[in-house]
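To be precise, the following lines are input-v3.cif, and they hold mmCIF, C-alpha atoms and all ligand atoms.
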```cif
data_upload
loop_
_atom_site.label_atom_id
_atom_site.label_comp_id
_atom_site.auth_asym_id
_atom_site.auth_seq_id
_atom_site.Cartn_x
_atom_site.Cartn_y
_atom_site.Cartn_z
CA MET A 1 0.00 0.00 0.00
CA LYS A 2 1.55 3.25 -1.10
CA ALA A 3 0.71 6.82 -0.21
CA LEU A 4 -2.39 5.93 1.79
CA THR A 5 -3.02 5.56 5.49
CA ILE A 6 -5.60 3.29 7.10
CA ASP A 7 -7.39 6.38 8.39
CA GLN A 8 -7.89 7.57 4.82
CA LEU A 9 -9.56 4.29 3.94
CA VAL A 10 -11.98 4.12 6.88
CA ARG A 11 -15.48 5.55 6.35
CA SER A 12 -15.88 8.93 8.01
CA ASN A 13 -19.02 7.91 9.94
CA ILE A 14 -17.08 4.98 11.43
CA LYS A 15 -14.23 7.25 12.43
CA ALA A 16 -16.70 9.61 14.09
CA LEU A 17 -18.78 6.85 15.69
CA LYS A 18 -19.15 6.83 19.44
CA PRO A 19 -19.26 3.10 20.24
CA TYR A 20 -21.73 1.47 22.60
CA GLN A 21 -20.31 1.20 26.10
CA SER A 22 -21.32 -2.11 27.61
CA ALA A 23 -21.37 -2.64 31.36
CA ARG A 24 -18.91 -5.53 31.09
CA LYS A 25 -16.46 -3.40 29.20
CA GLU A 26 -16.59 -0.64 31.77
CA TYR A 27 -15.95 -2.93 34.71
CA THR A 28 -13.80 -5.93 33.83
CA ALA A 29 -12.85 -7.50 37.18
CA SER A 30 -14.62 -10.75 37.98
CA ASN A 31 -15.21 -10.18 41.69
CA GLY A 32 -17.97 -8.16 43.27
CA ILE A 33 -21.73 -8.03 43.37
CA PHE A 34 -22.86 -7.28 39.86
CA LEU A 35 -25.79 -4.93 39.77
CA ASP A 36 -24.69 -3.02 36.68
CA ALA A 37 -25.95 -4.88 33.61
CA ASN A 38 -29.58 -5.66 34.39
CA GLU A 39 -28.74 -9.35 34.42
CA ASN A 40 -30.83 -11.86 36.31
CA PRO A 41 -29.04 -12.84 39.55
CA PHE A 42 -30.29 -16.45 39.29
CA GLY A 43 -29.23 -19.30 37.03
CA GLU A 44 -26.00 -20.43 35.40
CA LEU A 45 -26.04 -18.62 32.07
CA ASN A 46 -27.24 -15.35 33.56
CA ARG A 47 -24.13 -13.23 32.97
CA TYR A 48 -23.08 -11.48 29.79
CA PRO A 49 -19.90 -12.90 28.26
CA ASP A 50 -16.57 -11.09 28.20
CA PRO A 51 -17.06 -8.64 25.30
CA GLN A 52 -13.30 -8.65 24.64
CA GLN A 53 -12.87 -12.44 24.84
CA LEU A 54 -9.57 -11.99 26.66
CA MET A 55 -9.05 -15.61 27.67
CA LEU A 56 -9.67 -16.81 24.15
CA LYS A 57 -7.47 -14.11 22.63
CA THR A 58 -4.68 -14.92 25.07
CA LYS A 59 -4.82 -18.55 23.97
CA LEU A 60 -4.88 -17.58 20.29
CA ALA A 61 -2.04 -15.09 20.71
CA ALA A 62 0.13 -17.82 22.22
CA LEU A 63 -0.81 -20.38 19.56
CA LYS A 64 -0.27 -18.00 16.66
CA GLU A 65 2.68 -16.13 18.17
CA THR A 66 1.06 -12.75 17.87
CA SER A 67 -0.33 -10.12 20.25
CA ILE A 68 -3.83 -9.81 21.69
CA ASP A 69 -4.31 -6.39 20.13
CA SER A 70 -3.78 -7.92 16.67
CA ILE A 71 -6.70 -10.33 17.09
CA PHE A 72 -10.42 -9.94 16.51
CA ILE A 73 -12.90 -12.75 17.11
CA GLY A 74 -16.10 -12.91 15.12
CA ASN A 75 -19.25 -14.96 15.21
CA GLY A 76 -17.83 -17.00 12.33
CA SER A 77 -15.70 -15.58 9.52
CA ASP A 78 -18.90 -14.34 7.97
CA GLU A 79 -19.23 -11.67 10.65
CA ILE A 80 -15.63 -10.62 10.03
CA ILE A 81 -16.26 -10.22 6.28
CA ASP A 82 -19.36 -8.14 6.98
CA LEU A 83 -17.62 -5.90 9.53
CA ALA A 84 -14.64 -5.34 7.21
CA ILE A 85 -16.96 -4.10 4.49
CA ARG A 86 -18.79 -1.86 6.92
CA ILE A 87 -15.57 -0.31 8.27
CA PHE A 88 -14.20 0.66 4.86
CA CYS A 89 -16.93 0.81 2.24
CA GLU A 90 -19.39 3.62 1.76
CA PRO A 91 -22.63 2.15 0.32
CA GLU A 92 -23.33 3.01 -3.33
CA LYS A 93 -19.91 4.55 -3.65
CA ASP A 94 -17.00 2.31 -2.68
CA LYS A 95 -16.08 -0.94 -4.38
CA ILE A 96 -14.67 -4.29 -3.39
CA ILE A 97 -12.82 -6.68 -5.68
CA ILE A 98 -13.61 -10.34 -5.78
CA CYS A 99 -11.85 -12.88 -7.98
CA LYS A 100 -14.27 -15.54 -9.11
CA PRO A 101 -14.62 -18.42 -8.80
CA THR A 102 -14.34 -17.94 -5.05
CA TYR A 103 -16.21 -18.07 -1.76
CA GLY A 104 -19.69 -16.59 -2.16
CA MET A 105 -19.95 -14.60 1.07
CA TYR A 106 -17.78 -11.68 -0.07
CA GLU A 107 -20.29 -10.88 -2.79
CA VAL A 108 -23.31 -11.49 -0.56
CA CYS A 109 -21.98 -9.27 2.24
CA ALA A 110 -21.17 -6.51 -0.25
CA ASN A 111 -24.66 -6.76 -1.70
CA ILE A 112 -26.28 -6.64 1.75
CA ASN A 113 -24.31 -3.48 2.46
CA ASN A 114 -25.10 -2.06 -0.98
CA VAL A 115 -21.43 -1.85 -1.83
CA ARG A 116 -20.30 -2.20 -5.43
CA ILE A 117 -18.50 -5.30 -6.62
CA ILE A 118 -15.83 -5.61 -9.27
CA ASN A 119 -15.17 -9.16 -10.38
CA ILE A 120 -11.68 -9.70 -11.72
CA PRO A 121 -11.82 -13.40 -12.55
CA LEU A 122 -8.97 -15.68 -11.63
CA LYS A 123 -6.76 -16.46 -14.61
CA PRO A 124 -6.68 -19.96 -16.18
CA GLU A 125 -4.52 -21.53 -13.45
CA PHE A 126 -6.93 -19.98 -10.90
CA GLN A 127 -4.40 -17.28 -10.05
CA PRO A 128 -5.24 -13.61 -9.44
CA ASP A 129 -4.84 -11.14 -12.30
CA LYS A 130 -2.43 -8.77 -10.61
CA GLU A 131 -2.26 -6.03 -13.23
CA LYS A 132 -6.01 -5.60 -13.34
CA ILE A 133 -6.35 -5.78 -9.56
CA ILE A 134 -3.76 -3.12 -8.80
CA ASN A 135 -5.29 -0.55 -11.11
CA CYS A 136 -8.94 -0.62 -10.29
CA GLY A 137 -9.34 1.64 -7.28
CA ALA A 138 -11.34 -0.52 -4.88
CA LYS A 139 -11.35 -0.23 -1.09
CA ILE A 140 -11.03 -3.94 -0.31
CA LEU A 141 -9.57 -6.81 -2.28
CA PHE A 142 -10.87 -10.21 -1.18
CA LEU A 143 -8.52 -13.11 -1.81
CA CYS A 144 -8.93 -16.65 -0.59
CA SER A 145 -5.90 -18.92 -0.32
CA PRO A 146 -6.25 -21.87 -0.53
CA ASN A 147 -9.22 -20.84 -2.61
CA ASN A 148 -12.72 -22.26 -2.29
CA PRO A 149 -13.98 -23.95 -4.50
CA THR A 150 -10.84 -24.48 -6.60
CA GLY A 151 -8.61 -25.71 -3.75
CA ASN A 152 -5.36 -24.14 -4.96
CA SER A 153 -3.12 -21.73 -3.11
CA LEU A 154 -2.63 -18.30 -4.65
CA ILE A 155 0.89 -17.25 -5.57
CA ASP A 156 2.50 -13.82 -5.68
CA LEU A 157 0.31 -12.63 -2.82
CA GLU A 158 2.91 -10.42 -1.21
CA SER A 159 3.54 -8.37 -4.32
CA ILE A 160 -0.20 -7.83 -4.70
CA ILE A 161 -0.57 -6.81 -1.06
CA SER A 162 2.30 -4.36 -1.23
CA GLU A 163 1.13 -2.76 -4.46
CA PHE A 164 -2.63 -2.65 -3.87
CA ASN A 165 -3.79 0.74 -2.61
CA GLY A 166 -6.44 -0.50 -0.26
CA ILE A 167 -7.22 -3.25 2.23
CA VAL A 168 -6.41 -6.84 1.34
CA PHE A 169 -8.69 -9.31 3.07
CA LEU A 170 -6.90 -12.64 2.86
CA ASP A 171 -9.14 -15.56 3.75
CA GLU A 172 -7.03 -18.42 5.09
CA ALA A 173 -9.89 -20.69 6.15
CA TYR A 174 -8.06 -23.73 4.72
CA ILE A 175 -4.47 -22.75 5.53
CA ASP A 176 -3.85 -25.66 7.92
CA PHE A 177 -4.39 -28.15 5.10
CA SER A 178 -1.97 -26.32 2.84
CA SER A 179 1.65 -26.94 1.96
CA SER A 180 2.12 -23.17 1.61
CA PRO A 181 2.68 -21.20 4.81
CA SER A 182 0.27 -18.68 6.28
CA LEU A 183 1.10 -15.03 5.76
CA LEU A 184 0.44 -14.44 9.45
CA LYS A 185 4.17 -14.37 10.21
CA LYS A 186 4.50 -11.41 7.86
CA LEU A 187 1.46 -9.48 9.08
CA ARG A 188 3.59 -6.65 10.45
CA LEU A 189 5.09 -5.96 7.03
CA TYR A 190 1.70 -5.08 5.56
CA PRO A 191 -0.41 -2.45 7.35
CA ASN A 192 -3.26 -2.98 4.84
CA LEU A 193 -3.56 -6.73 5.43
CA ILE A 194 -6.37 -8.52 7.25
CA ILE A 195 -5.92 -12.27 7.56
CA SER A 196 -9.01 -14.27 8.36
CA GLN A 197 -8.92 -17.78 9.80
CA THR A 198 -11.58 -19.93 11.37
CA LEU A 199 -12.16 -22.77 13.80
CA SER A 200 -14.66 -24.25 11.33
CA LYS A 201 -12.34 -26.37 9.19
CA ALA A 202 -9.00 -27.72 10.50
CA TRP A 203 -10.07 -27.26 14.13
CA ALA A 204 -13.34 -29.13 13.52
CA GLY A 205 -15.40 -26.44 15.28
CA ALA A 206 -17.94 -25.29 12.68
CA ALA A 207 -20.77 -25.61 15.22
CA ILE A 208 -19.36 -22.93 17.50
CA ARG A 209 -19.10 -20.20 14.85
CA THR A 210 -15.69 -18.80 15.65
CA GLY A 211 -13.81 -16.78 13.07
CA VAL A 212 -10.55 -14.99 13.82
CA ALA A 213 -9.11 -11.93 12.13
CA PHE A 214 -5.48 -10.87 12.45
CA SER A 215 -4.42 -7.37 11.51
CA SER A 216 -2.68 -4.26 12.79
CA PRO A 217 -3.93 -2.94 16.14
CA GLU A 218 -5.20 0.11 14.24
CA ILE A 219 -7.53 -1.96 12.06
CA ILE A 220 -8.46 -4.34 14.90
CA ASN A 221 -9.57 -1.29 16.90
CA TYR A 222 -12.08 -0.44 14.20
CA PHE A 223 -13.47 -3.97 14.30
CA ASN A 224 -13.86 -3.64 18.07
CA LYS A 225 -15.47 -0.26 17.66
CA ILE A 226 -18.33 -1.44 15.44
CA LYS A 227 -18.94 -5.04 16.52
CA PRO A 228 -22.07 -5.99 18.44
CA PRO A 229 -20.92 -5.76 22.09
CA TYR A 230 -21.42 -9.43 22.97
CA ASN A 231 -20.86 -11.00 19.55
CA VAL A 232 -19.21 -14.19 20.83
CA SER A 233 -21.27 -16.07 23.38
CA ASN A 234 -19.81 -17.46 26.57
CA LEU A 235 -20.58 -21.00 25.41
CA ASN A 236 -18.67 -20.34 22.20
CA GLN A 237 -15.71 -18.85 24.03
CA MET A 238 -15.52 -21.84 26.39
CA ALA A 239 -15.87 -24.35 23.56
CA ALA A 240 -13.26 -22.52 21.46
CA LEU A 241 -10.79 -22.62 24.37
CA GLU A 242 -11.40 -26.34 24.74
CA ILE A 243 -10.86 -26.97 21.02
CA LEU A 244 -7.72 -24.85 20.88
CA SER A 245 -6.22 -26.75 23.81
CA LYS A 246 -6.02 -29.83 21.57
CA LYS A 247 -3.55 -28.74 18.95
CA ASP A 248 -2.02 -32.22 18.66
CA GLU A 249 -5.40 -33.70 17.92
CA MET A 250 -6.01 -31.03 15.29
CA GLU A 251 -2.70 -31.78 13.60
CA TYR A 252 -3.31 -35.51 13.73
CA ARG A 253 -6.72 -35.14 12.09
CA VAL A 254 -5.44 -32.70 9.50
CA LYS A 255 -2.80 -35.25 8.53
CA ILE A 256 -5.45 -37.94 8.09
CA ILE A 257 -7.51 -35.59 5.92
CA VAL A 258 -4.52 -34.56 3.80
CA ASP A 259 -3.47 -38.22 3.34
CA GLU A 260 -7.03 -39.09 2.41
CA ARG A 261 -7.11 -36.21 -0.05
CA GLN A 262 -4.07 -37.64 -1.87
CA ARG A 263 -5.56 -41.12 -1.80
CA ILE A 264 -8.95 -40.02 -3.16
CA ALA A 265 -7.35 -37.86 -5.84
CA LYS A 266 -5.36 -40.88 -7.03
CA GLU A 267 -8.34 -43.23 -6.91
CA LEU A 268 -10.52 -40.75 -8.78
CA ALA A 269 -7.83 -40.38 -11.42
CA ASN A 270 -7.60 -44.17 -11.77
CA THR A 271 -11.26 -44.41 -12.75
CA GLY A 272 -10.50 -42.37 -15.87
CA HIS A 273 -13.92 -40.75 -15.46
CA PHE A 274 -12.78 -37.19 -14.79
CA SER A 275 -11.41 -34.72 -17.30
CA GLN A 276 -9.76 -32.79 -14.43
CA ILE A 277 -8.89 -33.41 -10.82
CA TYR A 278 -7.57 -30.12 -9.62
CA ASP A 279 -4.62 -30.01 -7.22
CA SER A 280 -5.89 -29.14 -3.78
CA ASP A 281 -4.27 -27.50 -0.77
CA ALA A 282 -7.55 -27.71 1.16
CA ASN A 283 -9.83 -30.38 2.64
CA PHE A 284 -11.76 -30.90 -0.57
CA LEU A 285 -11.23 -31.78 -4.20
CA LEU A 286 -12.67 -30.06 -7.24
CA VAL A 287 -13.21 -32.42 -10.15
CA ALA A 288 -14.59 -31.97 -13.65
CA CYS A 289 -16.58 -34.46 -15.71
CA SER A 290 -19.12 -34.12 -18.50
CA ASP A 291 -21.94 -35.65 -16.43
CA ALA A 292 -21.41 -33.60 -13.25
CA GLU A 293 -25.08 -32.88 -12.64
CA TYR A 294 -26.12 -36.48 -13.22
CA LEU A 295 -23.34 -37.85 -11.03
CA HIS A 296 -24.20 -35.38 -8.29
CA ASN A 297 -27.76 -36.73 -8.24
CA TYR A 298 -26.57 -40.31 -8.39
CA PHE A 299 -24.46 -39.78 -5.29
CA LYS A 300 -27.40 -38.16 -3.53
CA GLU A 301 -29.69 -41.08 -4.33
CA ASN A 302 -27.05 -43.31 -2.81
CA GLY A 303 -26.82 -41.25 0.37
CA VAL A 304 -23.60 -39.33 -0.32
CA ILE A 305 -23.94 -35.58 -0.61
CA ILE A 306 -21.33 -33.67 -2.58
CA ARG A 307 -21.50 -30.14 -3.96
CA ASN A 308 -22.31 -29.34 -7.56
CA ARG A 309 -20.17 -26.31 -8.47
CA SER A 310 -21.16 -26.26 -12.14
CA SER A 311 -22.74 -22.82 -11.72
CA GLU A 312 -19.25 -21.46 -10.91
CA ILE A 313 -17.04 -23.61 -13.14
CA SER A 314 -18.83 -25.64 -15.77
CA ASN A 315 -19.26 -29.35 -15.09
CA THR A 316 -17.50 -29.48 -11.74
CA LEU A 317 -18.15 -31.15 -8.42
CA ARG A 318 -16.61 -30.30 -5.07
CA ILE A 319 -16.01 -33.23 -2.78
CA SER A 320 -15.16 -32.63 0.88
CA ILE A 321 -12.75 -35.18 2.31
CA GLY A 322 -14.53 -37.30 4.91
CA LYS A 323 -13.43 -40.05 7.28
CA PRO A 324 -11.61 -42.92 5.52
CA GLU A 325 -14.69 -45.15 5.64
CA GLU A 326 -16.87 -42.35 4.25
CA ASN A 327 -14.42 -41.84 1.42
CA ASP A 328 -14.46 -45.58 0.74
CA LYS A 329 -18.22 -45.36 0.36
CA LEU A 330 -17.83 -42.47 -2.06
CA LEU A 331 -15.41 -44.49 -4.19
CA PHE A 332 -17.65 -47.57 -4.02
CA ILE A 333 -20.63 -45.61 -5.32
CA LEU A 334 -18.55 -44.00 -8.04
CA ASN A 335 -17.36 -47.38 -9.26
CA LYS A 336 -20.91 -48.70 -9.16
CA TYR A 337 -21.99 -45.75 -11.29
CA ILE A 338 -19.21 -46.27 -13.81
CA ASN A 339 -19.99 -50.01 -14.09
CA GLU A 340 -23.71 -49.41 -14.57
CA LYS A 341 -22.99 -46.82 -17.19
CA SER A 342 -20.71 -49.11 -19.15
CA THR A 343 -23.33 -51.89 -19.16
CA VAL A 344 -26.07 -49.54 -20.41
CA TYR A 345 -24.15 -48.50 -23.48
C1 LIG A 401 -15.71 -22.47 5.28
C2 LIG A 401 -15.15 -21.15 4.93
C3 LIG A 401 -15.05 -20.14 5.89
C4 LIG A 401 -15.50 -20.36 7.28
O1 LIG A 401 -16.53 -19.53 7.63
P1 LIG A 401 -17.07 -19.54 9.14
O2 LIG A 401 -18.09 -18.49 9.10
O3 LIG A 401 -15.88 -19.19 10.01
O4 LIG A 401 -17.57 -20.91 9.42
C5 LIG A 401 -14.47 -18.94 5.54
N1 LIG A 401 -14.00 -18.73 4.31
C6 LIG A 401 -14.06 -19.69 3.36
C7 LIG A 401 -13.49 -19.43 2.03
C8 LIG A 401 -14.65 -20.91 3.64
O5 LIG A 401 -14.73 -21.84 2.68
#
```
Take the structure in the file and give it back as structure tokens.
Ligand SMILES: *Cc1c(COP(=O)(O)O)cnc(C)c1O
Amino acid sequence: MKALTIDQLVRSNIKALKPYQSARKEYTASNGIFLDANENPFGELNRYPDPQQLMLKTKLAALKETSIDSIFIGNGSDEIIDLAIRIFCEPEKDKIIICKPTYGMYEVCANINNVRIINIPLKPEFQPDKEKIINCGAKILFLCSPNNPTGNSLIDLESIISEFNGIVFLDEAYIDFSSSPSLLKKLRLYPNLIISQTLSKAWAGAAIRTGVAFSSPEIINYFNKIKPPYNVSNLNQMAALEILSKKDEMEYRVKIIVDERQRIAKELANTGHFSQIYDSDANFLLVACSDAEYLHNYFKENGVIIRNRSSEISNTLRISIGKPEENDKLLFILNKYINEKSTVY
């Protein structure tokens, strides 16, 4: 980012905003008789959660080797995407860049906020089109690496981040499955970078809706300023702490999933049925075949649900990697399909 400060990118109403002052933010000690927040004195879930999620952030800061003031926790990554757009983008005026095919929520959140969208499609190898991106004057560039639904990691990210004159929102939801490193270690080099991660994928915590953003304290402050005061429930905070205390288990499971991904990719290739099995750095595989829609339905009739992505990339299916026995079932059904097909013709 050249010649621009974060303050110049933030919407003026957000800069001027006087944030809501919650009772639990004003008084943070845990001892005392609490008669300040109109809570019910009875019951077990009667108290508002810590609005700053300090225990959870402390755990995350240690795990990710960063500081608490560089971390924001959202009610899923989806809340983080929405807040980022609301911090920087003036409705009907400012623009975001998305690079299709990619995760659908960037576009949806922009549309909800009535913010304009420029699509600069990924190039043939599903890589961002740097020249076009740099020169198009948008407030936020959304990039997803490894990308959903293509599965590949994006290259040349750092040169894009340093040359783009706006915020780069880098979605690393699948980074723990990837052979490429996270850019988190280099966060300090790029004042315009927001990195988004989640407990939903590698950490197996989709149910608790916990997304995490890492950025400069200056940008994190704006997230804190506009978030709903108690956006992460106490139950979520407790569950997230529990999940994050089992890093070994996470790594063990990720290894199983990555091994299974290689195995499935090979087995799918061996069937000769697919015109493409895209390389994946994530916990899913994107495959192409001429009968994608039909095959998708065939799987469904046989009790295996995969995702038809043909609306994004013609004739493609996205297959999440399951447990080994689930993947065996997938392969069994595929072989059944191929055999039936060859007997019909
Ligand atoms: C699954 C996914 C997420 C996770 O979203 P949560 O709201 O944290 O569950 C984020 N980004 C991408 C690209 C994803 O595929």
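Minimum atom-to-atom distances from A:Asn13, A:Ser320, A:Ser159, A:Asn46 to Leu235 of chain A were compared using all atoms listed in the file, and the lowest value belongs to A:Asn46.
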Which chains and residue numbers are within 6 Å of ligand LIG 401 (chain A), counting only C-alpha atoms and all ligand atoms, if I want them as a PyMOL selection string?
chain A and resi 76-78+103+144+148+171+173+198+200+206+209-211
Expressed in Å, the length from atom CA of Tyr230 of chain A to atom CA of Ala84 of chain A is 17.6 Å
Do you have the atom CA of Asp82 of chain A-atom CA of Ile140 of chain A distance handy?
11.8 Å
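The interatomic distance for the pair atom CA of Asn270 of chain A and atom CA of Ile338 of chain A works out to 12.0 Å.
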Could you make a table, as JSON lines, of the residues of segment 312-344 of chain A that have an atom within 9 Å of an atom of segment 256-269 of chain A, each with its nearest atom pair and distance in Å to one decimal, counting all atoms listed in the file, in chain and number order?
```
{"residue": "A:Ser320", "atom": "CA", "partner": "A:Arg261", "partner_atom": "CA", "distance": 8.9}
{"residue": "A:Ile321", "atom": "CA", "partner": "A:Arg261", "partner_atom": "CA", "distance": 6.2}
{"residue": "A:Gly322", "atom": "CA", "partner": "A:Ile257", "partner_atom": "CA", "distance": 7.3}
{"residue": "A:Lys323", "atom": "CA", "partner": "A:Ile257", "partner_atom": "CA", "distance": 7.5}
{"residue": "A:Pro324", "atom": "CA", "partner": "A:Glu260", "partner_atom": "CA", "distance": 6.7}
{"residue": "A:Asn327", "atom": "CA", "partner": "A:Ile264", "partner_atom": "CA", "distance": 7.4}
{"residue": "A:Asp328", "atom": "CA", "partner": "A:Ile264", "partner_atom": "CA", "distance": 8.7}
{"residue": "A:Leu331", "atom": "CA", "partner": "A:Leu268", "partner_atom": "CA", "distance": 7.7}
{"residue": "A:Leu334", "atom": "CA", "partner": "A:Leu268", "partner_atom": "CA", "distance": 8.7}
```
Shell of 10 Å around segment 285-293 of chain A, only C-alpha atoms, local chain residues under 2 positions omitted, as an MDAnalysis selection string
chainID A and resid 148:152 261:262 264:265 268:269 272:283 295:298 307:310 313:321
Would you please work out which residue, of A:Ile97, A:Ile306, A:Met238, A:Ile333, is nearest to Met55 of chain A when using only C-alpha atoms?
A:Met238
For each of A:Asp50, A:Glu251, A:Glu107, A:Asp129, take the minimum atom-to-atom distance to Pro229 of chain A, counting only C-alpha atoms, then give the residue where this is smallest.
A:Asp50
Could you list, as a ChimeraX atom specification, every residue within 12 Å of Asn38 of chain A, counting all atoms listed in the file and ignoring same-chain residues fewer than 3 positions away?
/A:22-24,34-35,41-42,46-48
